[in-house]
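Below is the file protein39.txt, which contains compact mmCIF, C-alpha atoms.
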# COMPACT_ATOMS: atom_id res chain seq x y z
CA MET A 1 -59.67 -13.97 -4.60
CA ASP A 2 -57.57 -14.68 -1.48
CA ASN A 3 -54.76 -15.97 -3.68
CA GLY A 4 -54.74 -12.76 -5.67
CA VAL A 5 -54.60 -10.70 -2.48
CA LYS A 6 -51.75 -12.83 -1.12
CA GLU A 7 -49.77 -12.79 -4.36
CA GLY A 8 -49.75 -8.97 -4.49
CA PRO A 9 -47.63 -8.37 -1.35
CA VAL A 10 -45.41 -11.35 -2.22
CA ARG A 11 -44.70 -9.98 -5.68
CA LEU A 12 -44.07 -6.50 -4.27
CA ARG A 13 -41.60 -7.93 -1.74
CA GLU A 14 -39.79 -9.93 -4.46
CA ASP A 15 -39.56 -6.84 -6.71
CA ALA A 16 -38.23 -4.76 -3.79
CA GLU A 17 -35.64 -7.43 -2.98
CA ALA A 18 -34.54 -7.57 -6.65
CA VAL A 19 -34.15 -3.76 -6.80
CA LEU A 20 -32.25 -3.73 -3.48
CA SER A 21 -30.00 -6.60 -4.61
CA SER A 22 -29.28 -4.78 -7.90
CA SER A 23 -28.49 -1.55 -6.02
CA VAL A 24 -26.13 -3.34 -3.59
CA SER A 25 -24.42 -5.13 -6.50
CA SER A 26 -23.99 -1.84 -8.38
CA LYS A 27 -22.47 -0.15 -5.30
CA ARG A 28 -20.12 -3.12 -4.83
CA ASP A 29 -19.02 -2.88 -8.49
CA HIS A 30 -18.33 0.87 -8.11
CA ARG A 31 -16.31 0.22 -4.96
CA GLN A 32 -14.30 -2.48 -6.72
CA VAL A 33 -13.50 -0.15 -9.64
CA LEU A 34 -12.47 2.67 -7.29
CA SER A 35 -10.39 0.24 -5.24
CA SER A 36 -8.61 -1.00 -8.40
CA LEU A 37 -7.99 2.57 -9.60
CA LEU A 38 -6.50 3.66 -6.26
CA SER A 39 -4.38 0.51 -5.86
CA GLY A 40 -3.12 0.73 -9.46
CA ALA A 41 -2.22 4.43 -9.12
CA LEU A 42 -0.17 3.82 -5.96
CA ALA A 43 1.48 0.73 -7.46
CA GLY A 44 2.59 2.60 -10.58
CA ALA A 45 3.87 5.63 -8.65
CA LEU A 46 6.00 3.57 -6.24
CA ALA A 47 7.41 1.32 -8.95
CA LYS A 48 8.43 4.09 -11.35
CA THR A 49 9.90 6.36 -8.68
CA ALA A 50 12.09 3.50 -7.45
CA VAL A 51 13.72 2.98 -10.87
CA ALA A 52 13.50 6.54 -12.32
CA PRO A 53 17.30 7.19 -12.53
CA LEU A 54 17.86 3.89 -14.38
CA ASP A 55 14.89 4.57 -16.64
CA ARG A 56 16.18 8.03 -17.59
CA THR A 57 19.65 6.61 -18.37
CA LYS A 58 18.11 3.88 -20.52
CA ILE A 59 16.12 6.44 -22.55
CA ILE A 60 19.28 8.54 -23.15
CA PHE A 61 20.96 5.50 -24.73
CA GLN A 62 17.85 4.44 -26.66
CA VAL A 63 17.52 7.77 -28.47
CA SER A 64 21.22 8.21 -29.31
CA SER A 65 23.72 6.24 -31.37
CA LYS A 66 25.99 5.73 -28.33
CA ARG A 67 27.01 2.17 -27.65
CA PHE A 68 25.54 0.80 -24.42
CA SER A 69 27.55 -0.84 -21.66
CA ALA A 70 27.19 -1.02 -17.88
CA LYS A 71 30.31 1.16 -17.55
CA GLU A 72 28.89 3.83 -19.90
CA ALA A 73 25.54 3.74 -18.10
CA PHE A 74 27.25 4.28 -14.75
CA ARG A 75 29.27 7.13 -16.29
CA VAL A 76 26.08 8.84 -17.52
CA LEU A 77 24.54 8.52 -14.04
CA TYR A 78 27.70 9.80 -12.36
CA TYR A 79 28.24 12.82 -14.65
CA THR A 80 24.54 13.72 -14.48
CA TYR A 81 24.85 13.76 -10.69
CA LEU A 82 28.10 15.84 -10.80
CA ASN A 83 26.94 18.38 -13.37
CA GLU A 84 23.25 18.76 -12.56
CA GLY A 85 22.86 17.54 -8.98
CA PHE A 86 21.35 14.49 -7.28
CA LEU A 87 17.70 15.37 -7.98
CA SER A 88 18.44 15.68 -11.71
CA LEU A 89 18.59 11.86 -11.76
CA TRP A 90 14.80 12.08 -11.33
CA ARG A 91 14.42 14.73 -14.08
CA GLY A 92 11.26 13.96 -16.03
CA ASN A 93 9.86 11.95 -13.11
CA SER A 94 7.11 14.54 -12.55
CA ALA A 95 6.01 13.90 -16.15
CA THR A 96 6.40 10.19 -15.49
CA MET A 97 4.08 10.45 -12.47
CA VAL A 98 1.52 12.46 -14.44
CA ARG A 99 1.54 9.63 -16.99
CA VAL A 100 2.13 6.58 -14.78
CA VAL A 101 -0.49 7.29 -12.12
CA PRO A 102 -3.43 7.36 -14.60
CA TYR A 103 -1.76 4.69 -16.80
CA ALA A 104 -1.30 2.20 -13.95
CA ALA A 105 -4.70 3.03 -12.45
CA ILE A 106 -6.45 2.45 -15.80
CA GLN A 107 -4.37 -0.64 -16.65
CA PHE A 108 -4.96 -2.49 -13.36
CA SER A 109 -8.60 -1.47 -13.16
CA ALA A 110 -9.20 -2.43 -16.81
CA HIS A 111 -7.47 -5.76 -16.23
CA GLU A 112 -9.81 -6.56 -13.32
CA GLU A 113 -12.83 -5.62 -15.48
CA TYR A 114 -11.62 -7.61 -18.51
CA LYS A 115 -10.97 -10.62 -16.25
CA ARG A 116 -14.53 -10.35 -14.92
CA ILE A 117 -16.06 -9.96 -18.40
CA LEU A 118 -14.01 -12.80 -19.93
CA GLY A 119 -14.58 -14.96 -16.85
CA SER A 120 -18.33 -14.46 -17.20
CA TYR A 121 -18.15 -15.22 -20.95
CA TYR A 122 -16.12 -18.43 -20.51
CA GLY A 123 -17.89 -19.49 -17.33
CA PHE A 124 -14.82 -19.03 -15.12
CA ARG A 125 -14.16 -16.83 -12.11
CA GLY A 126 -11.76 -13.94 -12.94
CA GLU A 127 -8.73 -15.35 -11.14
CA ALA A 128 -9.14 -18.80 -12.70
CA LEU A 129 -9.25 -17.83 -16.37
CA PRO A 130 -7.77 -20.34 -18.82
CA PRO A 131 -4.44 -19.36 -20.48
CA TRP A 132 -5.60 -17.63 -23.70
CA PRO A 133 -8.27 -15.39 -22.09
CA ARG A 134 -5.72 -14.62 -19.34
CA LEU A 135 -3.25 -13.40 -21.99
CA PHE A 136 -6.03 -11.54 -23.82
CA ALA A 137 -7.16 -9.71 -20.64
CA GLY A 138 -3.63 -8.41 -20.03
CA ALA A 139 -3.16 -7.28 -23.65
CA LEU A 140 -6.52 -5.46 -23.65
CA ALA A 141 -5.72 -3.74 -20.34
CA GLY A 142 -2.35 -2.50 -21.60
CA THR A 143 -3.81 -1.28 -24.91
CA THR A 144 -6.63 0.59 -23.12
CA ALA A 145 -4.21 2.36 -20.76
CA ALA A 146 -1.67 3.21 -23.49
CA SER A 147 -4.34 4.66 -25.79
CA LEU A 148 -5.68 6.99 -23.10
CA THR A 149 -2.34 8.27 -21.76
CA TYR A 150 0.05 8.26 -24.74
CA PRO A 151 0.70 12.06 -25.04
CA LEU A 152 1.98 12.04 -21.45
CA ASP A 153 4.45 9.28 -22.36
CA LEU A 154 5.82 11.37 -25.24
CA VAL A 155 6.18 14.42 -22.96
CA ARG A 156 8.04 12.34 -20.38
CA ALA A 157 10.47 11.02 -23.03
CA ARG A 158 11.14 14.57 -24.28
CA MET A 159 11.89 15.82 -20.75
CA ALA A 160 14.21 12.88 -20.07
CA VAL A 161 16.53 13.58 -23.05
CA THR A 162 16.62 17.40 -23.11
CA PRO A 163 18.48 19.92 -20.90
CA LYS A 164 16.50 21.83 -18.27
CA GLU A 165 16.74 25.06 -20.32
CA MET A 166 14.71 23.58 -23.22
CA TYR A 167 11.57 22.64 -21.30
CA SER A 168 10.88 24.17 -17.90
CA ASN A 169 7.91 21.95 -16.99
CA ILE A 170 5.29 19.56 -18.39
CA PHE A 171 2.98 22.32 -19.59
CA HIS A 172 5.88 24.03 -21.39
CA VAL A 173 6.51 20.80 -23.34
CA PHE A 174 2.87 20.63 -24.44
CA ILE A 175 2.84 24.31 -25.44
CA ARG A 176 6.10 24.15 -27.44
CA ILE A 177 5.18 20.92 -29.24
CA SER A 178 1.74 22.32 -30.13
CA ARG A 179 3.20 25.59 -31.47
CA GLU A 180 6.34 24.32 -33.20
CA GLU A 181 5.47 20.78 -34.32
CA GLY A 182 1.66 20.55 -34.31
CA LEU A 183 -0.76 18.68 -32.06
CA LYS A 184 -0.51 15.46 -34.09
CA THR A 185 3.11 15.17 -32.89
CA LEU A 186 1.71 14.25 -29.45
CA TYR A 187 0.75 10.88 -30.96
CA HIS A 188 3.96 10.36 -32.96
CA GLY A 189 5.22 6.86 -32.16
CA PHE A 190 1.79 5.66 -31.00
CA MET A 191 1.66 2.59 -33.27
CA PRO A 192 4.92 1.00 -32.05
CA THR A 193 3.71 1.72 -28.51
CA VAL A 194 0.49 -0.25 -29.05
CA LEU A 195 2.32 -3.02 -30.92
CA GLY A 196 4.81 -3.23 -28.04
CA VAL A 197 2.27 -3.01 -25.21
CA ILE A 198 0.23 -5.97 -26.50
CA PRO A 199 2.98 -8.56 -25.88
CA TYR A 200 4.36 -6.64 -22.87
CA ALA A 201 1.13 -6.26 -20.90
CA GLY A 202 -0.28 -9.55 -22.16
CA LEU A 203 2.77 -11.58 -21.12
CA SER A 204 3.32 -9.65 -17.86
CA PHE A 205 -0.20 -10.18 -16.53
CA PHE A 206 -0.32 -13.71 -17.95
CA THR A 207 2.96 -14.70 -16.27
CA TYR A 208 2.05 -13.14 -12.91
CA GLU A 209 -1.46 -14.64 -12.82
CA THR A 210 -0.13 -18.05 -13.93
CA LEU A 211 2.57 -18.11 -11.25
CA LYS A 212 0.01 -17.17 -8.58
CA SER A 213 -2.30 -19.92 -9.82
CA LEU A 214 0.52 -22.51 -9.76
CA HIS A 215 1.50 -21.33 -6.27
CA ARG A 216 -2.07 -21.88 -5.01
CA GLU A 217 -2.15 -25.32 -6.58
CA TYR A 218 1.18 -26.62 -5.24
CA SER A 219 1.60 -24.77 -1.92
CA GLY A 220 -1.93 -25.14 -0.62
CA ARG A 221 -1.90 -21.47 0.46
CA ARG A 222 -4.49 -19.14 -1.06
CA GLN A 223 -2.26 -16.05 -0.88
CA PRO A 224 1.50 -15.86 -1.60
CA TYR A 225 3.81 -14.01 0.79
CA PRO A 226 4.87 -10.48 -0.29
CA VAL A 227 8.38 -11.73 -1.19
CA GLU A 228 6.85 -14.43 -3.40
CA ARG A 229 4.68 -11.81 -5.11
CA MET A 230 7.81 -9.73 -5.78
CA ILE A 231 9.51 -12.75 -7.38
CA PHE A 232 6.44 -13.53 -9.52
CA GLY A 233 6.28 -9.87 -10.60
CA ALA A 234 10.00 -9.82 -11.39
CA CYS A 235 9.60 -12.89 -13.64
CA ALA A 236 6.60 -11.26 -15.32
CA GLY A 237 8.56 -8.04 -15.97
CA LEU A 238 11.58 -9.92 -17.32
CA ILE A 239 9.52 -11.90 -19.84
CA GLY A 240 7.23 -9.04 -20.88
CA GLN A 241 9.97 -6.46 -21.40
CA SER A 242 12.31 -8.83 -23.25
CA ALA A 243 9.54 -9.70 -25.72
CA SER A 244 8.62 -6.09 -26.51
CA TYR A 245 11.98 -4.30 -26.18
CA PRO A 246 12.82 -3.64 -29.88
CA LEU A 247 9.52 -1.81 -30.32
CA ASP A 248 10.30 0.22 -27.18
CA VAL A 249 13.55 1.42 -28.81
CA VAL A 250 11.68 2.36 -32.03
CA ARG A 251 9.00 4.16 -29.98
CA ARG A 252 11.55 6.26 -28.06
CA ARG A 253 13.43 7.17 -31.24
CA MET A 254 10.18 8.32 -32.87
CA GLN A 255 9.01 10.24 -29.79
CA THR A 256 12.23 12.26 -29.51
CA ALA A 257 12.92 12.76 -33.22
CA GLY A 258 12.15 16.48 -33.01
CA VAL A 259 14.82 17.19 -30.38
CA THR A 260 17.61 14.64 -31.05
CA GLY A 261 18.37 15.48 -34.67
CA TYR A 262 16.86 12.33 -36.20
CA PRO A 263 14.31 12.88 -39.00
CA ARG A 264 10.68 12.11 -38.22
CA ALA A 265 9.84 8.81 -39.94
CA SER A 266 7.51 5.79 -39.97
CA ILE A 267 7.97 2.64 -37.86
CA ALA A 268 9.52 0.69 -40.76
CA CYS A 269 11.87 3.54 -41.72
CA THR A 270 12.97 4.11 -38.10
CA LEU A 271 13.57 0.37 -37.70
CA ARG A 272 15.66 0.22 -40.90
CA THR A 273 17.72 3.25 -39.86
CA ILE A 274 18.55 1.74 -36.45
CA VAL A 275 19.52 -1.63 -37.97
CA ARG A 276 21.60 0.00 -40.73
CA GLU A 277 23.49 2.41 -38.47
CA GLU A 278 23.86 0.34 -35.29
CA GLY A 279 23.12 -3.29 -36.18
CA ALA A 280 20.09 -5.44 -35.36
CA VAL A 281 21.18 -6.70 -31.93
CA ARG A 282 23.17 -3.69 -30.71
CA GLY A 283 20.64 -1.18 -32.01
CA LEU A 284 17.32 -2.82 -31.18
CA TYR A 285 18.38 -4.32 -27.85
CA LYS A 286 20.46 -1.36 -26.65
CA GLY A 287 19.96 -0.90 -22.91
CA LEU A 288 18.16 -4.24 -22.49
CA SER A 289 20.59 -5.37 -19.79
CA MET A 290 19.65 -2.26 -17.78
CA ASN A 291 16.00 -3.16 -18.34
CA TRP A 292 16.74 -6.60 -16.88
CA VAL A 293 17.78 -4.79 -13.69
CA LYS A 294 15.10 -2.09 -13.47
CA GLY A 295 12.22 -3.96 -15.16
CA PRO A 296 11.86 -6.85 -12.71
CA ILE A 297 12.24 -4.43 -9.75
CA ALA A 298 9.57 -2.06 -11.10
CA VAL A 299 7.10 -4.76 -12.15
CA GLY A 300 7.65 -6.71 -8.91
CA ILE A 301 6.94 -3.60 -6.81
CA SER A 302 3.96 -2.72 -9.00
CA PHE A 303 2.17 -6.09 -8.85
CA THR A 304 2.95 -6.60 -5.15
CA THR A 305 1.73 -3.12 -4.17
CA PHE A 306 -1.48 -3.56 -6.18
CA ASP A 307 -2.29 -6.93 -4.63
CA LEU A 308 -1.52 -5.85 -1.05
CA MET A 309 -3.52 -2.62 -1.46
CA GLN A 310 -6.47 -4.63 -2.79
CA ILE A 311 -6.31 -6.97 0.22
CA LEU A 312 -6.05 -4.01 2.62
CA LEU A 313 -8.99 -2.14 1.03
CA ARG A 314 -11.13 -5.30 1.09
CA HIS A 315 -10.45 -5.69 4.82
CA LEU A 316 -11.30 -2.03 5.44
CA GLN A 317 -14.54 -2.30 3.45
CA SER A 318 -15.63 -5.46 5.27
Structure translated into structure tokens:
Amino acid sequence: MDNGVKEGPVRLREDAEAVLSSSVSSKRDHRQVLSSLLSGALAGALAKTAVAPLDRTKIIFQVSSKRFSAKEAFRVLYYTYLNEGFLSLWRGNSATMVRVVPYAAIQFSAHEEYKRILGSYYGFRGEALPPWPRLFAGALAGTTAASLTYPLDLVRARMAVTPKEMYSNIFHVFIRISREEGLKTLYHGFMPTVLGVIPYAGLSFFTYETLKSLHREYSGRRQPYPVERMIFGACAGLIGQSASYPLDVVRRRMQTAGVTGYPRASIACTLRTIVREEGAVRGLYKGLSMNWVKGPIAVGISFTTFDLMQILLRHLQS
């Protein structure tokens, strides 16, 4: 009888502790997701704004049959500045921000969640995933973000290659495409985007996480310095963008087909046209050298900002 009386309060206390522990864990998970979303949004915005003029110039070459060279790229930048003013070098950046902020927020947050899920499945902590799950987490994060934000990417590409008179703002692009070309046009070029983002995001996150892991192992320091993070991010961007670049050219050509005079076509047909008219290397890798300048800068800034923001927010929360 006494045992039964004693066990009642004990069981009640254990149940209360379990509920409280579950509630605290749930709140912590929500905070981590919000922290990742905020850090990712800021990381993407800073990175893309820093390289916006180079990115716009690269897109102009990708969607035309012009031959790329550093001299020609500089000429495009210079004449854009002379004819349209300094701020025109950032034309389309508002559309880029509308796309990049949610894209980067979703990508980084999804990556943290996929690392946690895969880490739990394989019995590893998120930051110590083995190579294949590490690659898989990055690819899944990139695919998730690209799927949810693709129409904004198409709008940004359209604004980058058209004169100001054609589209006055982001909403005008959406309205004109919907009226003149149909809503399905907003997902034209989606397949090469997904096919390109799998190696790009997978290799970028894989390279960055691997370099951080190697740094911990050989330096004895748990956290790299900001400059080291920038270098790791630059290496990640260089590898990821080089691997996926031909599909990026095909994607841009498909996205801007309605305004550049090229017929709307499938991935295979667009690929064949580029190779036939411009050659495999010159056509599919046009502007890659510019990407080797802007890509490492952007990815380095992005990864470094995300990590430092995460550290800062953890300190503030504790």
For this session: Might you pull out every residue within 9 Å of Phe174 in chain A, with all atoms listed in the file counted and same-chain residues fewer than 4 positions away left off, and present them as a VMD selection string?
Result: chain A and resid 151 155 170 178 to 179 183 186
Dump of C-alpha atoms for the selected residues, as a PDB file, in the coordinates of the input:
ATOM      1  CA  PRO A 151       0.700  12.060 -25.040  1.00  0.00           C
ATOM      2  CA  VAL A 155       6.180  14.420 -22.960  1.00  0.00           C
ATOM      3  CA  ILE A 170       5.290  19.560 -18.390  1.00  0.00           C
ATOM      4  CA  SER A 178       1.740  22.320 -30.130  1.00  0.00           C
ATOM      5  CA  ARG A 179       3.200  25.590 -31.470  1.00  0.00           C
ATOM      6  CA  LEU A 183      -0.760  18.680 -32.060  1.00  0.00           C
ATOM      7  CA  LEU A 186       1.710  14.250 -29.450  1.00  0.00           C
TER       8      LEU A 186
END
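Among the candidate residues A:Ala280, A:Ile267, A:Ala234, A:Leu214, the one lying nearest to Ala298 in chain A is A:Ala234, with distances computed using only C-alpha atoms.
Close contacts of Gly142 in chain A, defined as residues with an atom at most 6 Å away when counting only C-alpha atoms, with chain neighbours fewer than 2 positions off set aside, comprise Gln107, Ala139, Leu140, Thr144, Ala145, Val197 and Ala201 of chain A.
Around Ile106 in chain A, within 9 Å and counting only C-alpha atoms, the residues found are Ser36, Leu37, Gly40, Ala41, Val101, Pro102, Ala110, His111, Ala141, Gly142, Thr144, Ala145 and Leu148 of chain A, once anything fewer than 4 positions away on its own chain is removed.
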